[in-house]
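Raw contents of model37.cif, mmCIF, C-alpha atoms:
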```
data_start
loop_
_atom_site.label_atom_id
_atom_site.label_comp_id
_atom_site.auth_asym_id
_atom_site.auth_seq_id
_atom_site.Cartn_x
_atom_site.Cartn_y
_atom_site.Cartn_z
CA MET J 1 -140.74 -50.43 20.26
CA ALA J 2 -141.72 -47.13 18.67
CA ALA J 3 -144.00 -49.12 16.36
CA ILE J 4 -145.66 -50.77 19.36
CA ASN J 5 -146.21 -47.36 20.92
CA GLN J 6 -147.64 -45.99 17.71
CA ALA J 7 -150.02 -48.89 17.35
CA GLY J 8 -150.78 -49.12 21.08
CA ALA J 9 -149.72 -52.17 23.06
CA ALA J 10 -152.23 -54.63 24.47
CA LEU J 11 -153.56 -53.67 27.89
CA ILE J 12 -152.18 -55.65 30.82
CA GLY J 13 -154.36 -54.23 33.61
CA ARG J 14 -153.42 -52.68 36.90
CA LYS J 15 -152.60 -55.99 38.57
CA PRO J 16 -151.64 -58.60 35.98
CA ASP J 17 -151.74 -62.22 37.09
CA PRO J 18 -148.27 -63.49 38.04
CA PRO J 19 -146.56 -65.85 35.61
CA ALA J 20 -148.24 -69.25 35.52
CA ARG J 21 -146.60 -71.93 37.66
CA LEU J 22 -145.38 -74.66 35.38
CA THR J 23 -144.50 -78.23 36.23
CA ALA J 24 -141.19 -79.63 35.06
CA ALA J 25 -143.08 -81.68 32.46
CA GLU J 26 -144.81 -78.57 31.14
CA VAL J 27 -141.47 -76.77 30.94
CA ALA J 28 -139.94 -79.70 29.06
CA ALA J 29 -142.83 -79.62 26.58
CA LEU J 30 -142.45 -75.87 26.13
CA ILE J 31 -138.72 -76.27 25.47
CA ASP J 32 -139.50 -78.87 22.81
CA ALA J 33 -141.95 -76.42 21.28
CA GLY J 34 -139.24 -73.73 21.04
CA ALA J 35 -139.60 -71.74 24.26
CA ALA J 36 -136.59 -69.92 25.72
CA VAL J 37 -135.80 -70.74 29.35
CA VAL J 38 -134.34 -67.74 31.17
CA ASP J 39 -132.73 -68.57 34.50
CA ILE J 40 -132.91 -65.51 36.73
CA ARG J 41 -130.57 -66.66 39.51
CA PRO J 42 -127.10 -65.15 40.01
CA GLY J 43 -124.51 -66.72 37.71
CA ARG J 44 -122.73 -68.50 40.52
CA GLU J 45 -125.89 -70.46 41.35
CA TYR J 46 -126.63 -71.10 37.70
CA ASP J 47 -123.14 -72.55 37.27
CA ARG J 48 -123.80 -75.18 39.93
CA GLY J 49 -126.69 -76.69 37.97
CA HIS J 50 -129.10 -75.45 35.33
CA ILE J 51 -131.44 -76.58 32.61
CA PRO J 52 -129.23 -77.29 29.60
CA GLY J 53 -129.60 -74.66 26.92
CA SER J 54 -131.23 -72.09 29.21
CA TYR J 55 -130.17 -68.45 29.23
CA SER J 56 -128.39 -67.26 32.37
CA VAL J 57 -129.45 -63.69 33.05
CA GLY J 58 -129.34 -62.79 36.74
CA LEU J 59 -132.11 -60.54 37.92
CA GLU J 60 -129.55 -58.55 39.89
CA GLY J 61 -128.30 -56.91 36.68
CA PRO J 62 -130.03 -54.89 33.93
CA TRP J 63 -132.17 -57.92 33.27
CA SER J 64 -134.63 -56.91 30.59
CA ALA J 65 -131.90 -55.14 28.64
CA TRP J 66 -130.13 -58.46 28.12
CA VAL J 67 -133.22 -60.62 27.72
CA GLY J 68 -134.60 -58.14 25.21
CA TRP J 69 -131.34 -58.21 23.30
CA LEU J 70 -130.85 -61.97 23.24
CA VAL J 71 -134.30 -63.51 23.02
CA ALA J 72 -136.38 -62.82 19.93
CA ARG J 73 -139.55 -60.83 20.57
CA GLY J 74 -142.54 -63.14 20.46
CA ARG J 75 -140.68 -66.27 21.52
CA PRO J 76 -142.34 -67.89 24.54
CA ILE J 77 -140.27 -67.32 27.70
CA VAL J 78 -140.11 -69.65 30.70
CA LEU J 79 -138.56 -68.31 33.90
CA ALA J 80 -136.40 -70.66 35.95
CA GLY J 81 -135.03 -70.21 39.45
CA GLY J 82 -135.83 -67.40 41.83
CA THR J 83 -138.76 -66.62 44.07
CA GLU J 84 -142.32 -65.76 43.10
CA ALA J 85 -141.63 -62.10 43.91
CA GLN J 86 -138.69 -62.25 41.49
CA HIS J 87 -140.88 -63.83 38.82
CA ARG J 88 -143.22 -60.87 39.17
CA GLU J 89 -140.29 -58.48 38.85
CA ALA J 90 -139.08 -60.29 35.73
CA GLN J 91 -142.59 -60.19 34.30
CA ARG J 92 -142.85 -56.47 35.05
CA GLN J 93 -139.56 -55.82 33.26
CA LEU J 94 -140.67 -57.86 30.24
CA TYR J 95 -144.04 -56.09 30.03
CA ARG J 96 -142.24 -52.76 30.14
CA ILE J 97 -140.39 -53.60 26.94
CA GLY J 98 -143.40 -55.20 25.30
CA PHE J 99 -142.36 -58.82 25.70
CA ASP J 100 -145.76 -60.31 26.44
CA THR J 101 -145.09 -63.98 25.67
CA ILE J 102 -144.28 -65.15 29.18
CA ALA J 103 -145.32 -68.79 29.26
CA GLY J 104 -144.76 -69.07 33.01
CA ALA J 105 -142.23 -69.95 35.67
CA LEU J 106 -140.88 -73.35 36.67
CA ASP J 107 -142.68 -74.15 39.93
CA GLY J 108 -140.27 -75.36 42.59
CA GLY J 109 -137.20 -74.24 40.67
CA LEU J 110 -134.29 -76.48 39.83
CA ASP J 111 -135.12 -78.86 42.68
CA ALA J 112 -138.43 -79.67 41.02
CA TRP J 113 -136.67 -80.05 37.68
CA LEU J 114 -134.15 -82.46 39.17
CA SER J 115 -136.66 -84.54 41.11
CA SER J 116 -138.76 -85.01 37.99
CA GLY J 117 -135.70 -86.51 36.31
CA GLY J 118 -134.74 -83.43 34.28
CA GLU J 119 -131.16 -83.16 33.08
CA VAL J 120 -128.91 -80.43 34.44
CA SER J 121 -125.56 -79.18 33.28
CA GLU J 122 -122.85 -77.37 35.20
CA PHE J 123 -120.16 -74.81 34.56
CA GLU J 124 -116.98 -74.37 36.52
CA THR J 125 -116.84 -71.05 38.37
CA VAL J 126 -113.37 -69.59 38.80
CA ASP J 127 -111.75 -66.31 39.78
CA VAL J 128 -109.50 -64.21 37.58
CA GLU J 129 -106.56 -65.57 39.56
CA ASP J 130 -107.50 -69.17 38.66
CA MET J 131 -107.78 -68.20 35.02
CA ALA J 132 -104.33 -66.62 35.20
CA ALA J 133 -102.83 -69.75 36.75
CA TRP J 134 -104.38 -71.84 34.02
CA ILE J 135 -103.10 -69.61 31.24
CA LEU J 136 -99.59 -69.67 32.73
CA SER J 137 -99.70 -73.47 32.95
CA ALA J 138 -99.77 -73.55 29.14
CA GLU J 139 -102.45 -76.19 29.08
CA PRO J 140 -104.68 -75.79 26.04
CA MET J 141 -107.63 -73.48 26.64
CA THR J 142 -109.44 -70.63 24.96
CA VAL J 143 -110.03 -67.37 26.78
CA VAL J 144 -113.06 -65.51 25.49
CA ASP J 145 -113.42 -61.86 26.47
CA VAL J 146 -117.06 -60.82 26.09
CA ARG J 147 -116.65 -57.15 27.05
CA ASP J 148 -117.43 -54.47 24.50
CA GLU J 149 -115.00 -53.05 21.97
CA HIS J 150 -114.09 -50.05 24.16
CA GLU J 151 -113.18 -52.18 27.13
CA TRP J 152 -111.25 -54.63 24.94
CA SER J 153 -109.23 -51.87 23.34
CA GLU J 154 -108.18 -50.52 26.72
CA GLY J 155 -106.26 -53.74 27.36
CA HIS J 156 -106.98 -57.45 27.44
CA VAL J 157 -105.61 -60.87 28.29
CA PRO J 158 -102.88 -61.84 25.81
CA GLY J 159 -104.15 -64.41 23.37
CA ALA J 160 -107.79 -63.93 24.30
CA VAL J 161 -110.53 -64.03 21.68
CA HIS J 162 -112.84 -61.02 21.68
CA ILE J 163 -116.53 -61.74 21.15
CA TYR J 164 -118.98 -59.20 22.60
CA VAL J 165 -121.84 -60.92 24.45
CA PRO J 166 -124.59 -60.50 21.84
CA ASP J 167 -122.24 -61.75 19.10
CA VAL J 168 -121.53 -65.05 20.89
CA PRO J 169 -124.39 -66.99 19.23
CA TYR J 170 -123.04 -65.98 15.80
CA ARG J 171 -119.33 -66.45 16.42
CA ALA J 172 -119.11 -69.39 18.82
CA GLY J 173 -117.99 -71.52 15.86
CA GLU J 174 -114.62 -69.75 15.95
CA ILE J 175 -113.81 -71.36 19.31
CA PRO J 176 -112.03 -74.72 19.16
CA PRO J 177 -114.46 -77.26 20.63
CA GLU J 178 -111.82 -79.66 21.97
CA ALA J 179 -110.21 -77.39 24.61
CA PRO J 180 -111.92 -75.86 27.64
CA VAL J 181 -113.19 -72.32 27.17
CA ALA J 182 -112.92 -69.71 29.91
CA VAL J 183 -115.20 -66.73 29.48
CA HIS J 184 -114.70 -63.44 31.28
CA CYS J 185 -116.01 -59.87 31.30
CA ALA J 186 -115.40 -57.01 33.75
CA SER J 187 -117.38 -58.27 36.74
CA GLY J 188 -118.54 -61.79 35.91
CA TYR J 189 -122.16 -60.84 35.17
CA ARG J 190 -121.95 -60.70 31.39
CA ALA J 191 -119.55 -63.66 31.33
CA GLY J 192 -122.31 -65.72 32.97
CA ILE J 193 -124.72 -64.75 30.21
CA ALA J 194 -122.12 -65.51 27.55
CA ALA J 195 -121.29 -68.88 29.15
CA SER J 196 -124.91 -69.93 28.71
CA LEU J 197 -124.79 -68.79 25.07
CA LEU J 198 -121.65 -70.89 24.53
CA GLU J 199 -123.46 -73.92 25.90
CA GLN J 200 -126.35 -73.27 23.52
CA ALA J 201 -123.79 -73.18 20.71
CA GLY J 202 -122.64 -76.68 21.63
CA LEU J 203 -119.42 -76.06 23.54
CA LYS J 204 -118.77 -78.65 26.21
CA ARG J 205 -116.37 -77.54 28.89
CA ILE J 206 -117.24 -74.02 29.90
CA ILE J 207 -115.52 -72.08 32.66
CA HIS J 208 -117.24 -69.00 33.98
CA VAL J 209 -114.72 -66.48 35.26
CA ASN J 210 -116.83 -64.81 37.90
CA GLY J 211 -114.65 -62.03 39.26
CA GLN J 212 -113.36 -58.53 38.67
CA TYR J 213 -111.21 -58.20 35.57
CA SER J 214 -109.30 -55.46 37.42
CA ASP J 215 -107.76 -58.35 39.39
CA TRP J 216 -105.70 -59.08 36.29
CA ASP J 217 -103.92 -55.80 36.79
CA ARG J 218 -103.73 -56.29 40.56
CA LEU J 219 -101.87 -59.56 39.93
CA HIS J 220 -99.32 -57.61 37.84
CA LEU J 221 -100.11 -59.61 34.73
CA ALA J 222 -99.33 -58.25 31.29
CA GLU J 223 -102.06 -57.03 29.01
CA THR J 224 -102.18 -56.73 25.28
CA ILE J 225 -103.09 -53.21 24.26
CA PRO J 226 -103.88 -53.07 20.58
CA MET F 1 -149.04 -26.31 45.67
CA PHE F 2 -147.67 -28.96 43.36
CA ALA F 3 -145.52 -31.97 44.25
CA VAL F 4 -143.39 -34.15 41.99
CA ASP F 5 -142.88 -37.86 42.60
CA VAL F 6 -140.08 -39.63 40.75
CA PHE F 7 -140.45 -43.30 39.77
CA PRO F 8 -137.06 -44.69 38.67
CA ALA F 9 -136.84 -47.80 36.47
CA PRO F 10 -133.17 -48.75 36.97
CA GLU F 11 -133.12 -51.59 34.43
CA LEU F 12 -134.08 -49.06 31.76
CA GLY F 13 -132.02 -46.19 33.16
CA ASN F 14 -135.22 -44.14 33.00
CA ALA F 15 -137.68 -42.47 35.33
CA SER F 16 -141.30 -41.44 35.11
CA PHE F 17 -143.03 -38.71 37.08
CA VAL F 18 -146.29 -37.84 38.74
CA VAL F 19 -147.04 -34.15 39.23
CA SER F 20 -149.84 -33.68 41.72
CA ASP F 21 -151.84 -31.00 43.48
CA LYS F 22 -153.14 -32.71 46.59
CA ALA F 23 -155.38 -29.83 47.60
CA ARG F 24 -157.16 -29.87 44.24
CA GLY F 25 -157.15 -33.68 43.99
CA VAL F 26 -155.49 -33.91 40.58
CA ALA F 27 -152.30 -35.33 39.09
CA VAL F 28 -150.58 -35.80 35.74
CA ALA F 29 -148.31 -38.73 34.86
CA ILE F 30 -145.34 -38.04 32.59
CA ASP F 31 -143.67 -40.80 30.58
CA PRO F 32 -145.47 -43.55 32.51
CA LEU F 33 -144.41 -47.16 32.13
CA ARG F 34 -146.87 -49.86 31.25
CA ASP F 35 -147.18 -51.24 34.79
CA VAL F 36 -149.20 -48.40 36.23
CA ASP F 37 -149.95 -49.79 39.67
CA ALA F 38 -147.20 -47.73 41.34
CA TYR F 39 -148.60 -44.44 40.00
CA LEU F 40 -152.15 -45.32 40.95
CA LYS F 41 -151.08 -46.44 44.43
CA LYS F 42 -149.39 -43.09 44.88
CA ALA F 43 -152.44 -41.29 43.55
CA ASP F 44 -154.69 -43.23 45.92
CA TRP F 45 -152.37 -42.38 48.79
CA LEU F 46 -152.49 -38.69 47.92
CA GLY F 47 -156.19 -38.80 47.21
CA VAL F 48 -155.76 -37.47 43.69
CA LYS F 49 -157.01 -38.53 40.27
CA VAL F 50 -154.54 -38.95 37.42
CA THR F 51 -156.42 -36.72 35.00
CA HIS F 52 -153.83 -36.77 32.21
CA ALA F 53 -150.98 -38.97 31.02
CA LEU F 54 -148.34 -37.42 28.78
CA ASP F 55 -145.30 -38.68 26.90
CA THR F 56 -142.36 -36.42 26.13
CA HIS F 57 -141.66 -38.32 22.92
CA LEU F 58 -142.39 -41.47 20.98
CA HIS F 59 -140.51 -43.98 23.10
CA ASN F 60 -138.33 -46.63 21.55
CA ASP F 61 -137.01 -48.22 24.75
CA PHE F 62 -140.20 -48.99 26.63
CA VAL F 63 -143.91 -49.37 26.13
CA SER F 64 -145.79 -46.25 27.17
CA GLY F 65 -148.29 -46.66 30.00
CA ARG F 66 -150.59 -43.89 28.78
CA ARG F 67 -153.22 -46.21 27.35
CA GLU F 68 -153.04 -48.30 30.49
CA LEU F 69 -153.76 -45.19 32.60
CA GLN F 70 -156.61 -44.30 30.29
CA ALA F 71 -158.11 -47.75 30.84
CA GLU F 72 -157.41 -48.01 34.57
CA ALA F 73 -157.89 -44.45 35.76
CA GLY F 74 -159.77 -42.72 32.95
CA SER F 75 -156.80 -40.46 32.26
CA ASN F 76 -156.96 -38.19 29.25
CA ILE F 77 -154.17 -39.18 26.85
CA GLU F 78 -154.67 -36.51 24.25
CA VAL F 79 -151.34 -35.27 22.90
CA LEU F 80 -150.57 -31.64 23.74
CA GLU F 81 -149.71 -29.36 20.85
CA PRO F 82 -146.50 -27.36 21.25
CA GLY F 83 -147.36 -24.16 23.09
CA SER F 84 -150.58 -25.47 24.56
CA GLU F 85 -151.22 -25.73 28.27
CA LEU F 86 -152.83 -28.06 30.73
CA LYS F 87 -154.00 -27.28 34.26
CA VAL F 88 -152.73 -29.42 37.13
CA GLY F 89 -154.71 -27.96 39.99
CA SER F 90 -153.30 -24.52 40.67
CA ALA F 91 -150.29 -25.13 38.41
CA THR F 92 -149.99 -25.27 34.64
CA LEU F 93 -148.03 -27.57 32.35
CA ARG F 94 -146.95 -26.01 29.08
CA ALA F 95 -145.75 -28.13 26.19
CA ILE F 96 -142.55 -26.84 24.61
CA HIS F 97 -141.27 -28.23 21.34
CA THR F 98 -137.72 -29.45 22.11
CA PRO F 99 -136.60 -31.54 19.11
CA GLY F 100 -133.26 -33.35 19.05
CA HIS F 101 -133.69 -36.81 20.53
CA THR F 102 -136.75 -37.11 18.29
CA PRO F 103 -138.22 -34.54 15.88
CA ASP F 104 -141.51 -34.22 17.79
CA HIS F 105 -139.99 -34.22 21.26
CA LEU F 106 -141.86 -32.15 23.85
CA SER F 107 -140.73 -30.93 27.23
CA TYR F 108 -143.28 -29.89 29.79
CA LEU F 109 -142.75 -26.70 31.73
CA LEU F 110 -144.49 -26.56 35.09
CA ILE F 111 -145.63 -23.04 35.94
CA ASP F 112 -146.93 -22.19 39.39
CA GLY F 113 -147.68 -18.75 40.81
CA LYS F 114 -146.93 -17.30 37.33
CA ARG F 115 -143.34 -18.56 37.55
CA PRO F 116 -141.65 -21.49 35.80
CA ARG F 117 -140.79 -24.07 38.44
CA ALA F 118 -139.77 -27.28 36.74
CA LEU F 119 -139.05 -28.76 33.34
CA PHE F 120 -139.86 -32.36 32.45
CA SER F 121 -137.24 -32.66 29.79
CA GLY F 122 -137.50 -36.25 28.48
CA GLY F 123 -134.22 -36.61 26.59
CA ALA F 124 -133.72 -32.94 25.67
CA VAL F 125 -131.73 -32.22 28.82
CA MET F 126 -130.26 -35.09 30.80
CA VAL F 127 -128.12 -34.89 33.91
CA GLY F 128 -124.78 -34.09 32.28
CA ALA F 129 -125.80 -35.18 28.79
CA ILE F 130 -128.52 -35.18 26.16
CA ALA F 131 -130.24 -38.18 24.64
CA ARG F 132 -129.00 -39.74 21.42
CA THR F 133 -129.92 -38.05 18.18
CA ASP F 134 -128.95 -40.94 15.92
CA LEU F 135 -131.74 -43.36 16.78
CA LEU F 136 -133.85 -42.46 13.77
CA GLY F 137 -131.00 -43.26 11.41
CA PRO F 138 -127.78 -41.66 10.19
CA HIS F 139 -129.62 -39.54 7.63
CA LEU F 140 -131.30 -37.60 10.45
CA ALA F 141 -128.57 -37.77 13.09
CA VAL F 142 -126.74 -34.57 12.19
CA HIS F 143 -129.92 -32.63 11.62
CA LEU F 144 -131.28 -33.77 14.97
CA ALA F 145 -127.97 -33.03 16.70
CA MET F 146 -128.27 -29.45 15.43
CA GLU F 147 -131.86 -29.32 16.63
CA ALA F 148 -130.76 -30.62 20.01
CA LEU F 149 -128.25 -27.80 20.36
CA ARG F 150 -130.80 -25.25 19.21
CA THR F 151 -133.12 -26.64 21.88
CA LEU F 152 -130.50 -26.04 24.57
CA GLN F 153 -129.26 -22.68 23.32
CA VAL F 154 -132.39 -21.11 21.87
CA ARG F 155 -135.62 -22.84 22.77
CA LEU F 156 -134.85 -23.10 26.48
CA ARG F 157 -132.91 -19.83 26.66
CA GLY F 158 -135.66 -17.82 28.32
CA LEU F 159 -136.02 -20.16 31.28
CA PRO F 160 -134.45 -19.23 34.62
CA ASP F 161 -131.51 -21.10 36.12
CA ASP F 162 -133.28 -22.03 39.32
CA ILE F 163 -135.96 -24.30 37.88
CA ALA F 164 -135.82 -28.02 38.56
CA VAL F 165 -135.19 -30.33 35.60
CA TYR F 166 -136.59 -33.86 35.59
CA PRO F 167 -135.12 -35.92 32.72
CA THR F 168 -136.77 -39.20 31.75
CA HIS F 169 -133.56 -40.71 30.39
CA GLY F 170 -130.73 -41.22 32.88
CA SER F 171 -127.13 -42.28 32.60
CA GLY F 172 -127.89 -46.00 32.18
CA SER F 173 -130.43 -45.45 29.41
CA PHE F 174 -130.03 -46.94 25.95
CA CYS F 175 -131.21 -43.59 24.63
CA GLY F 176 -128.63 -41.64 26.60
CA THR F 177 -125.07 -40.59 25.87
CA GLY F 178 -123.65 -41.08 29.33
CA GLY F 179 -123.97 -38.29 31.82
CA ARG F 180 -124.44 -38.67 35.54
CA SER F 181 -126.94 -40.71 37.47
CA GLY F 182 -130.12 -39.29 38.94
CA HIS F 183 -133.32 -37.90 37.55
CA GLU F 184 -133.37 -34.45 39.08
CA THR F 185 -131.16 -31.44 38.44
CA THR F 186 -131.55 -27.72 37.83
CA LEU F 187 -131.29 -25.81 34.62
CA GLY F 188 -128.54 -23.65 36.13
CA ASP F 189 -126.45 -26.69 37.07
CA GLU F 190 -126.82 -28.10 33.58
CA ARG F 191 -125.94 -24.79 31.96
CA ALA F 192 -122.81 -24.67 34.11
CA THR F 193 -121.64 -28.28 33.81
CA ASN F 194 -123.40 -30.17 31.01
CA PRO F 195 -120.93 -30.44 28.09
CA PHE F 196 -123.75 -30.11 25.58
CA PHE F 197 -124.62 -26.70 26.99
CA GLN F 198 -120.97 -25.62 26.62
CA THR F 199 -120.98 -26.05 22.86
CA THR F 200 -122.22 -22.99 21.07
CA GLU F 201 -120.50 -22.90 17.68
CA VAL F 202 -122.58 -24.55 15.06
CA MET F 203 -119.71 -25.95 13.00
CA LEU F 204 -118.02 -27.17 16.12
CA SER F 205 -121.22 -28.80 17.17
CA THR F 206 -121.68 -30.73 13.94
CA ASN F 207 -118.12 -31.96 14.29
CA SER F 208 -118.38 -32.87 17.92
CA VAL F 209 -121.93 -34.03 18.31
CA THR F 210 -121.96 -36.47 15.43
CA PRO F 211 -119.07 -38.57 16.74
CA LEU F 212 -120.43 -38.13 20.24
CA THR F 213 -123.76 -39.58 19.35
CA THR F 214 -122.24 -42.64 17.74
CA ALA F 215 -119.19 -43.17 19.93
CA THR F 216 -120.72 -42.38 23.27
CA TRP F 217 -123.73 -44.60 22.83
CA ARG F 218 -121.40 -47.55 23.27
CA GLN F 219 -120.16 -45.91 26.41
CA SER F 220 -123.72 -45.64 27.63
CA THR F 221 -124.53 -49.26 26.78
CA LYS F 222 -121.40 -50.23 28.61
CA GLN F 223 -122.62 -48.44 31.70
CA ALA F 224 -126.08 -49.84 31.28
CA LEU F 225 -125.02 -53.43 30.87
CA ARG F 226 -121.99 -53.77 33.09
#
```

Please go through the file and, once you have read it, give me the structure as C-alpha cells.
Amino acid sequence: MAAINQAGAALIGRKPDPPARLTAAEVAALIDAGAAVVDIRPGREYDRGHIPGSYSVGLEGPWSAWVGWLVARGRPIVLAGGTEAQHREAQRQLYRIGFDTIAGALDGGLDAWLSSGGEVSEFETVDVEDMAAWILSAEPMTVVDVRDEHEWSEGHVPGAVHIYVPDVPYRAGEIPPEAPVAVHCASGYRAGIAASLLEQAGLKRIIHVNGQYSDWDRLHLAETIP
Amino acid sequence: MFAVDVFPAPELGNASFVVSDKARGVAVAIDPLRDVDAYLKKADWLGVKVTHALDTHLHNDFVSGRRELQAEAGSNIEVLEPGSELKVGSATLRAIHTPGHTPDHLSYLLIDGKRPRALFSGGAVMVGAIARTDLLGPHLAVHLAMEALRTLQVRLRGLPDDIAVYPTHGSGSFCGTGGRSGHETTLGDERATNPFFQTTEVMLSTNSVTPLTTATWRQSTKQALR
C-alpha cells in the first residue's frame, strides 16, 4: 500500500456511488469471469445456505483485514448478503485499503439467488461440545484448528491439524477428503472464513464449529500442549 | 482555542484526527482515510475549512485521504519539513522528526498559548506500545528499533508530561505491537507505563526490541483478527 500512497490512489469523491446492484444472472457471469464473491453475513447465516465457492467474511469482524489478506488485489469483488447500508460499509472498508475493484452487490441477497435457480451449499454449524462428542465417538473426522501459531502452542485439541486461516488454500490438500472436516478457531469467526476456504479447495462435508474454544477447557477435556 | 476530533477506524485499528479552531474557521486533518466525508461533515458542522491535510508517515496499511481532501476541500497537502510549523488558527503545529516505525516518520506537536498541548504521534508513541520497526525489512529493523528508542528517550525528551498524545495506530493495528486500546493518552502516562519508555540501555534495547518487533506482531495480528 505504500506504493499506492507514493503514486497517489485514484480519487473516489466525497460521496462515492454505492456498489452496483447486480442480478443473480450478472453475479453468475461475474463468477464465471473470475470474480470473488464475498458473503458479508455472520457465519451462522452463511452456513445455512450460500453461493458455492464464495468467501465467508462476516462484516461484524475485522472485515477488510481478512478480505485484503485472502482476495488478490485487483480481482473483481461481488458482495453477497447483508443490507445496502452494509454494502456501503464494506465498500468503504475496501476503498480504505485500496481495493477499488468492487463489481457490485447481489441485489435481493440469497433469496434472489435461490429464486433465479442458483445453487447453494450448506455447512453444518456445531458447538465445541458437539465437536467433543464427535471426537469421543471415534467416528472418522478431521479437526482443523485455524488459530495462529501462538494460540495453537498454548494448547489444542488432541489429534487436530493446525492450518492458520490464510494457509488453508495452500494446505487443504493435507486433509483427507473422505471424512468430514470440523474447523474451529477461538470464537467461530475465523473458522467460518476457513470453512469457506475449505469448500473452495474441494472438501465436501464441512462442519463449522461456531463457539468459544475456551469451552473445551470448561468441559474438562484434555489438550495437547506441544 | 483548538479542539481535537478523533475518527476511529476499528477494522484497521487506527484513528485519524481533525484539529480545528472554530473561532478562526480553520482545521487540519491528520492521517486522514480515503473516505473523507466524515471529516468534511465535521468541518461543515463546525463551520471550518480543512486548510491542510498531513500524514505522519508513508502508510502501508491504508490509502491516505490527503489527495482526496485536496480535491474535495482544496486542502494543502504539502509535506512539512522536520522543524517547520503550520498555523491552525491561534495554535501552531510543529513537525518533529520521530523515526522508528518508518525512517521519515513525523509527529506533530500542537502548541497553543506558547505551550505544547498535544502530540499527534502516528506510530512513534502508541498507547502502551510503539509501532513495528520491521516493516521495511529485516535489514532495517534493528536500526529502526534503535531510532524508535532514541525518539522516545531523546527526541521527545523536552516535552512535558501533561500533553495529550494522539496515536494513529492502536492496539488492533497491523502496524502495532500490541498495547492498549484507545487513541488518546498523555505523555506522562506513557512515560510511566509504556514498556518501550522503560527501556533505556542501548544493548538491552537491541536485544529486546528485535524479538519484540517480530514476535509481538503476531500477537497484534491475533488481537486484530480474533

Item to complete: At a cut-off of 7 Å, list the chain J residues touching chain F, using all atoms listed in the file, as a VMD selection string.
Response: chain J and resid 1 to 2 5 11 13 to 15 62 to 65 92 95 to 98

Could you write out the selected residues, including C-alpha atoms, as an mmCIF file, in the coordinates of the input?
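Below is the file that was written, part_7.cif:
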```
data_model
loop_
_atom_site.group_PDB
_atom_site.id
_atom_site.type_symbol
_atom_site.label_atom_id
_atom_site.label_comp_id
_atom_site.auth_asym_id
_atom_site.auth_seq_id
_atom_site.Cartn_x
_atom_site.Cartn_y
_atom_site.Cartn_z
ATOM 1 C CA MET J 1 -140.740 -50.430 20.260
ATOM 2 C CA ALA J 2 -141.720 -47.130 18.670
ATOM 3 C CA ASN J 5 -146.210 -47.360 20.920
ATOM 4 C CA LEU J 11 -153.560 -53.670 27.890
ATOM 5 C CA GLY J 13 -154.360 -54.230 33.610
ATOM 6 C CA ARG J 14 -153.420 -52.680 36.900
ATOM 7 C CA LYS J 15 -152.600 -55.990 38.570
ATOM 8 C CA PRO J 62 -130.030 -54.890 33.930
ATOM 9 C CA TRP J 63 -132.170 -57.920 33.270
ATOM 10 C CA SER J 64 -134.630 -56.910 30.590
ATOM 11 C CA ALA J 65 -131.900 -55.140 28.640
ATOM 12 C CA ARG J 92 -142.850 -56.470 35.050
ATOM 13 C CA TYR J 95 -144.040 -56.090 30.030
ATOM 14 C CA ARG J 96 -142.240 -52.760 30.140
ATOM 15 C CA ILE J 97 -140.390 -53.600 26.940
ATOM 16 C CA GLY J 98 -143.400 -55.200 25.300
#
```

Worksheet item: Rounded to one decimal in Å, what is the spacing between atom CA of F:Phe2 and atom CA of F:Arg157?
Response: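 Taking atom CA of F:Phe2 and atom CA of F:Arg157, their separation equals 24.1 Å.
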
Item to complete: Tell me which protein, DNA and RNA residues are within 7 Å of J:Ile206, counting only C-alpha atoms, leaving out same-chain ones fewer than 2 positions away, and put them as number ranges by chain.
Response: J: 123-124, 180-182, 195, 204, 208

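Atom CA of F:Pro8 lies 25.0 Å from atom CA of J:Ser56.
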
Item to complete: Would you kindly translate the PyMOL selection byres ((chain J and resi 116-122) around 8) into the concrete residues it picks from this file, as an MDAnalysis selection string?
Response: chainID J and resid 24:25 46:52 112:115 123:124

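Reported to one decimal place, the separation of atom CA of F:Ala3 from atom CA of F:Lys114 is 16.3 Å.
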
Item to complete: Counting only C-alpha atoms, figure out which residue out of F:Glu78, F:Asp21, F:Asp55, F:Glu85 gets nearest to F:His105.
Response: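 Comparing F:Glu78, F:Asp21, F:Asp55, F:Glu85 against F:His105, the winner is F:Asp55.
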
Discussion item. Which residues would end up in the selection if the PyMOL selection byres ((chain J and resi 80) around 8) were applied here, given that I need the answer as a ChimeraX atom specification?
Written reply: /J:37-41,78-79,81-82,105-106,109-110

Worksheet item: So what does the PyMOL selection byres ((chain F and resi 135) around 9) actually pick up in this one, as a ChimeraX atom specification?
Response: /F:60,101-102,132-134,136-138,140-141,175

Item to complete: Would you mind listing what lies within 6 Å of stretch 93-98 of chain F as an NGL selection string, with all atoms listed in the file counted and same-chain residues fewer than 2 positions away left out?
Response: :F and (82-86 or 105-110 or 151)
